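What follows is a single structure, written as structure tokens, with notes after it.
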Amino acid sequence: MNHRIRVFGAVAATVGIFLSVQIGALALIEPFYESELQAVDDPQNPTNSVVYFGIILLATAFMLAAFKYDLQLLIRAMVVGVSVMLAWFVFDELVPSAVTVGSINLLAALAALGLGMALLGYPEWYVIDLSGIVMGAGAAALFGISFGLLPAILLLTVLAVYDAISVYGTEHMLDLAEGVMDLKIPVILIVPTSLSYSYLELGESDPVSNDDAATASDGGERDSADAAEPSGDAEPAVDGVPAEAEDGPTEAETDDGADSLERDALYIGLGDAIIPSILVVSAAFFLDAGHLDVPGMVVNLPALGAIVGTIFGLLVLMYMVLKGRPHAGLPLLNGGAIGGYLLGALASGVSVLTALGF
């Protein structure tokens with residue numbers, strides 16, 4: 001019973017992390033826009049989604065090739081470098097520019113470099129989670145103000161389909177997960193169920209098989225969320241995935257869900273938090289549906305609906321995983337975000353066609 005309570009507490013903490021990413025992204029909308037950080041010239045162009053999806057495919061192929069030729073250190077350096085860049089974008093807006101060198105906010109730059117050094121020198125679970133929240137909020141805000149409503153919805157839809165295919169069809173996400181097991185980089189969010197848990201003390205990982213995978217998802221800064229090997233009584237998990245019990249619950253055991261709750265940590269891909277949050281930001285920034293009076297951020301009812309829908313999808317995903325059922329993450333998370341967004345738009349008096357960006 002105590003372990004069951006700890007697991008449910010970890011689920012609640014996971015929800016808190018998702019909300020932190022989404023709320024942080026909403027708070028960064030105005031600062032990022034004023035700093036001209038939109039990544040494209042025409043946010044309403046739907047081909048932006050095609051280009052971004054193509055980048056994801058190329059990044060996936062690059063990572064698989066890098067693992068094949070033992071270039072794991074290169075991947076780690078690239079991911080930490082992206083982490084520092086995103087952290088600098090965020091800190092540059094939040095940290096007062098008391099000391100500047102030219103146009104550079106020195107304190108913000110030092111904070112971003114400090115985050116990178118922590119990831120390289122001491123990548124414990126809480127360091128990775130805090131870095132992931134900063135990265136996730138920054139990436140979601142950056143892409144959210146760069147993708148109009150139609151491009152954002154297209155992106156979420158295509159990535160949800162791709163996620164399902166890569167998990168249930170080609171299964172190449174399992175190969176990617178096997179490759180990133182021991183890199184200890186912020187492409188996953190880790191929520192322990194035990195105070196004694198240490199991500200640093202994880203040993204050499206075992207190959208991930210189809211039976212080991214719990215859920216999977218893809219996206220983000222090549223935020224294919226990746227697998228990590230839990231300690232103690234848990235199995236590795238793929239991309240956005242709480243892990244299975246060590247011996248793998250049998251069909252009979254998962255009927256009551258008891259043994260499937262025996263795990264040391266839950267693992268969720270950072271891309272799982274970023275991708276649906278892009279629609280949250282896009283809805284708040286691009287849709288003319290009034291604004292809610294929330295200090296420090298831009299938010300409207302459709303964006304709030306996307307947040308609620310994402311959390312609903314997350315809870316369903318966690319329920320299915322904790323029952324021992326393998327599942328891809330983005331179909332539920334993105335589907336929940338899109339559904340909640342459309343309901344929020346209708347509640348605001350916005351037509352479906354307008355909400356879809358037509």
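Order determines the names: the first chain of the structure tokens is A, the second B, and so forth; residues in each chain are numbered 1 upward, and ligands are numbered 1 upward as they are shown.
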What's around A:Val99 at 12 Å? Count only C-alpha atoms, leave out sequence neighbours fewer than 5 positions away in its own chain, and write the answer as a PyMOL selection string.
chain A and resi 92+104-110
Residue contacts of A:Leu189 (9 Å, only C-alpha atoms) excluding same-chain residues fewer than 6 positions away, as a compact mmCIF listing (two decimals) with all heavy atoms, in the first residue's frame:
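File out04.txt, as written:
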# COMPACT_ATOMS: atom_id res chain seq x y z
N THR A 14 4.47 14.11 -11.80
CA THR A 14 4.61 14.17 -13.25
C THR A 14 3.64 15.18 -13.84
O THR A 14 4.00 15.97 -14.73
CB THR A 14 4.36 12.79 -13.87
OG1 THR A 14 5.25 11.83 -13.29
CG2 THR A 14 4.56 12.82 -15.38
N ILE A 17 5.05 18.56 -13.27
CA ILE A 17 6.12 18.91 -14.21
C ILE A 17 5.53 19.38 -15.53
O ILE A 17 5.96 20.38 -16.11
CB ILE A 17 7.06 17.71 -14.42
CG1 ILE A 17 7.86 17.44 -13.14
CG2 ILE A 17 8.00 17.96 -15.59
CD1 ILE A 17 8.73 16.20 -13.21
N TRP A 125 18.77 12.94 -11.05
CA TRP A 125 17.42 13.06 -11.61
C TRP A 125 16.85 14.46 -11.43
O TRP A 125 16.18 14.97 -12.33
CB TRP A 125 16.49 12.02 -11.00
CG TRP A 125 16.26 12.14 -9.53
CD1 TRP A 125 16.92 11.51 -8.52
CD2 TRP A 125 15.25 12.94 -8.89
NE1 TRP A 125 16.43 11.88 -7.30
CE2 TRP A 125 15.39 12.75 -7.49
CE3 TRP A 125 14.25 13.79 -9.36
CZ2 TRP A 125 14.56 13.39 -6.57
CZ3 TRP A 125 13.43 14.42 -8.44
CH2 TRP A 125 13.58 14.22 -7.07
N TYR A 126 17.12 15.10 -10.28
CA TYR A 126 16.52 16.42 -10.06
C TYR A 126 17.22 17.49 -10.92
O TYR A 126 16.60 18.47 -11.30
CB TYR A 126 16.54 16.81 -8.58
CG TYR A 126 17.83 16.54 -7.85
CD1 TYR A 126 18.89 17.43 -7.90
CD2 TYR A 126 17.98 15.38 -7.08
CE1 TYR A 126 20.07 17.19 -7.23
CE2 TYR A 126 19.16 15.12 -6.40
CZ TYR A 126 20.20 16.02 -6.48
OH TYR A 126 21.38 15.77 -5.81
N ILE A 128 18.37 16.87 -13.96
CA ILE A 128 17.79 16.64 -15.28
C ILE A 128 16.36 17.16 -15.34
O ILE A 128 15.94 17.78 -16.34
CB ILE A 128 17.85 15.14 -15.63
CG1 ILE A 128 19.30 14.76 -15.93
CG2 ILE A 128 16.96 14.81 -16.83
CD1 ILE A 128 19.51 13.31 -16.27
N ASP A 129 15.58 16.95 -14.29
CA ASP A 129 14.19 17.42 -14.30
C ASP A 129 14.12 18.95 -14.33
O ASP A 129 13.32 19.52 -15.09
CB ASP A 129 13.46 16.90 -13.06
CG ASP A 129 13.09 15.44 -13.19
OD1 ASP A 129 13.35 14.85 -14.25
OD2 ASP A 129 12.53 14.87 -12.23
N LEU A 130 14.92 19.61 -13.51
CA LEU A 130 14.91 21.08 -13.51
C LEU A 130 15.37 21.62 -14.87
O LEU A 130 14.79 22.57 -15.40
CB LEU A 130 15.79 21.61 -12.39
CG LEU A 130 15.25 21.42 -10.96
CD1 LEU A 130 16.29 21.86 -9.94
CD2 LEU A 130 13.95 22.19 -10.76
N GLY A 132 15.07 20.02 -17.66
CA GLY A 132 14.01 19.69 -18.60
C GLY A 132 12.86 20.68 -18.55
O GLY A 132 12.28 21.03 -19.59
N ILE A 133 12.52 21.14 -17.35
CA ILE A 133 11.44 22.13 -17.24
C ILE A 133 11.84 23.44 -17.92
O ILE A 133 11.06 24.04 -18.66
CB ILE A 133 11.10 22.36 -15.75
CG1 ILE A 133 10.42 21.12 -15.17
CG2 ILE A 133 10.19 23.59 -15.60
CD1 ILE A 133 10.19 21.18 -13.67
N ALA A 225 11.88 11.48 -26.57
CA ALA A 225 12.14 11.19 -25.21
C ALA A 225 12.74 9.85 -25.20
O ALA A 225 12.37 9.02 -25.96
CB ALA A 225 10.87 11.15 -24.46
N GLY A 240 9.22 8.51 -23.13
CA GLY A 240 8.01 8.96 -22.53
C GLY A 240 7.36 7.88 -21.76
O GLY A 240 6.18 7.61 -21.90
N LEU A 266 9.24 6.77 -12.38
CA LEU A 266 8.50 6.92 -13.63
C LEU A 266 9.36 7.74 -14.59
O LEU A 266 10.03 8.68 -14.17
CB LEU A 266 7.16 7.64 -13.39
CG LEU A 266 6.22 7.02 -12.35
CD1 LEU A 266 4.93 7.83 -12.28
CD2 LEU A 266 5.93 5.57 -12.68
N TYR A 267 9.32 7.37 -15.87
CA TYR A 267 10.13 8.04 -16.88
C TYR A 267 9.22 8.57 -17.97
O TYR A 267 8.45 7.83 -18.56
CB TYR A 267 11.14 7.06 -17.49
CG TYR A 267 12.12 6.49 -16.50
CD1 TYR A 267 11.73 5.47 -15.63
CD2 TYR A 267 13.41 6.98 -16.42
CE1 TYR A 267 12.62 4.96 -14.71
CE2 TYR A 267 14.31 6.47 -15.50
CZ TYR A 267 13.90 5.46 -14.64
OH TYR A 267 14.79 4.96 -13.72
N ILE A 268 9.31 9.87 -18.22
CA ILE A 268 8.48 10.50 -19.25
C ILE A 268 9.38 11.28 -20.19
O ILE A 268 10.26 12.03 -19.75
CB ILE A 268 7.45 11.45 -18.59
CG1 ILE A 268 6.35 10.65 -17.93
CG2 ILE A 268 6.85 12.39 -19.63
CD1 ILE A 268 5.40 9.98 -18.91
N GLY A 269 9.17 11.13 -21.48
CA GLY A 269 9.99 11.84 -22.44
C GLY A 269 9.75 13.35 -22.40
O GLY A 269 8.61 13.80 -22.26
N LEU A 270 10.80 14.12 -22.50
CA LEU A 270 10.66 15.57 -22.52
C LEU A 270 9.81 16.02 -23.71
O LEU A 270 9.06 16.98 -23.61
CB LEU A 270 12.04 16.23 -22.57
CG LEU A 270 12.06 17.76 -22.56
CD1 LEU A 270 11.36 18.32 -21.33
CD2 LEU A 270 13.50 18.27 -22.65
A:Met135 surroundings by only C-alpha atoms, 8 Å radius, close-in-sequence under 2 positions cut, as a PDB file with C-alpha atoms, in the first residue's frame:
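This is the output file around_24.pdb:
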ATOM      1  CA  SER A  83      20.111  22.699 -23.280  1.00  0.00           C
ATOM      2  CA  LEU A  86      17.504  27.152 -24.577  1.00  0.00           C
ATOM      3  CA  ALA A  87      18.352  27.928 -20.952  1.00  0.00           C
ATOM      4  CA  SER A 131      16.859  21.391 -16.755  1.00  0.00           C
ATOM      5  CA  GLY A 132      14.013  19.693 -18.599  1.00  0.00           C
ATOM      6  CA  ILE A 133      11.445  22.135 -17.241  1.00  0.00           C
ATOM      7  CA  ALA A 137       9.161  25.851 -21.359  1.00  0.00           C
ATOM      8  CA  GLY A 138      11.654  27.588 -23.639  1.00  0.00           C
ATOM      9  CA  ALA A 139      11.180  25.183 -26.553  1.00  0.00           C
TER      10      ALA A 139
END
Please provide as a PDB file with N, CA, C and O atoms, in the first residue's frame all residues within 6 Å of A:Pro331, with the sequence filter that same-chain residues fewer than 3 positions apart are discarded (counting only C-alpha atoms).
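Dumped to selection.pdb:
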ATOM      1  N   ALA A 160       1.820  12.566 -33.745  1.00  0.00           N
ATOM      2  CA  ALA A 160       1.084  11.500 -33.061  1.00  0.00           C
ATOM      3  C   ALA A 160       1.036  10.239 -33.917  1.00  0.00           C
ATOM      4  O   ALA A 160       1.237   9.119 -33.421  1.00  0.00           O
ATOM      5  N   ASN A 334      -1.291  14.470 -27.533  1.00  0.00           N
ATOM      6  CA  ASN A 334      -1.655  15.428 -28.578  1.00  0.00           C
ATOM      7  C   ASN A 334      -3.146  15.415 -28.853  1.00  0.00           C
ATOM      8  O   ASN A 334      -3.759  16.465 -29.094  1.00  0.00           O
ATOM      9  N   GLY A 335      -3.735  14.215 -28.845  1.00  0.00           N
ATOM     10  CA  GLY A 335      -5.181  14.130 -29.043  1.00  0.00           C
ATOM     11  C   GLY A 335      -5.937  14.873 -27.953  1.00  0.00           C
ATOM     12  O   GLY A 335      -6.915  15.581 -28.227  1.00  0.00           O
TER      13      GLY A 335
END
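Proximity of A:Gly329, A:Gly16, A:Pro295, A:Pro123 to A:Tyr199, computed with only C-alpha atoms, is greatest for A:Pro123.
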Atom CA of A:Val281 to atom CA of A:Tyr341 measures 10.9 Å
With distances taken over only C-alpha atoms, which residue among A:Thr193, A:Trp88, A:Val15, A:Glu30 lies nearest A:Val316?
A:Val15
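Counting from atom CA of A:Gly340, the distance to atom CA of A:Gly324 is 26.6 Å.
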One decimal place gives the atom CA of A:Arg76-atom CA of A:Gly114 separation as 16.3 Å
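By chain and then residue number, the residues within 8 Å of A:Val21 are A:Ile133, A:Val134, A:Gly136, A:Ala137, A:Ala140, A:Ala273, A:Ile274, A:Ser277, counting only C-alpha atoms and disregarding those fewer than 5 positions away in sequence.
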Store the residues of this selection in a file with C-alpha atoms, as an mmCIF file, in the first residue's frame.
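The file below, out-v4.cif, is the result:
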data_model
loop_
_atom_site.group_PDB
_atom_site.id
_atom_site.type_symbol
_atom_site.label_atom_id
_atom_site.label_comp_id
_atom_site.auth_asym_id
_atom_site.auth_seq_id
_atom_site.Cartn_x
_atom_site.Cartn_y
_atom_site.Cartn_z
ATOM 1 C CA ILE A 133 11.445 22.135 -17.241
ATOM 2 C CA VAL A 134 13.561 25.110 -18.333
ATOM 3 C CA GLY A 136 10.636 22.447 -22.171
ATOM 4 C CA ALA A 137 9.161 25.851 -21.359
ATOM 5 C CA ALA A 140 7.374 25.192 -26.279
ATOM 6 C CA ALA A 273 5.704 17.652 -22.459
ATOM 7 C CA ILE A 274 6.913 19.971 -25.229
ATOM 8 C CA SER A 277 2.494 22.582 -25.175
#
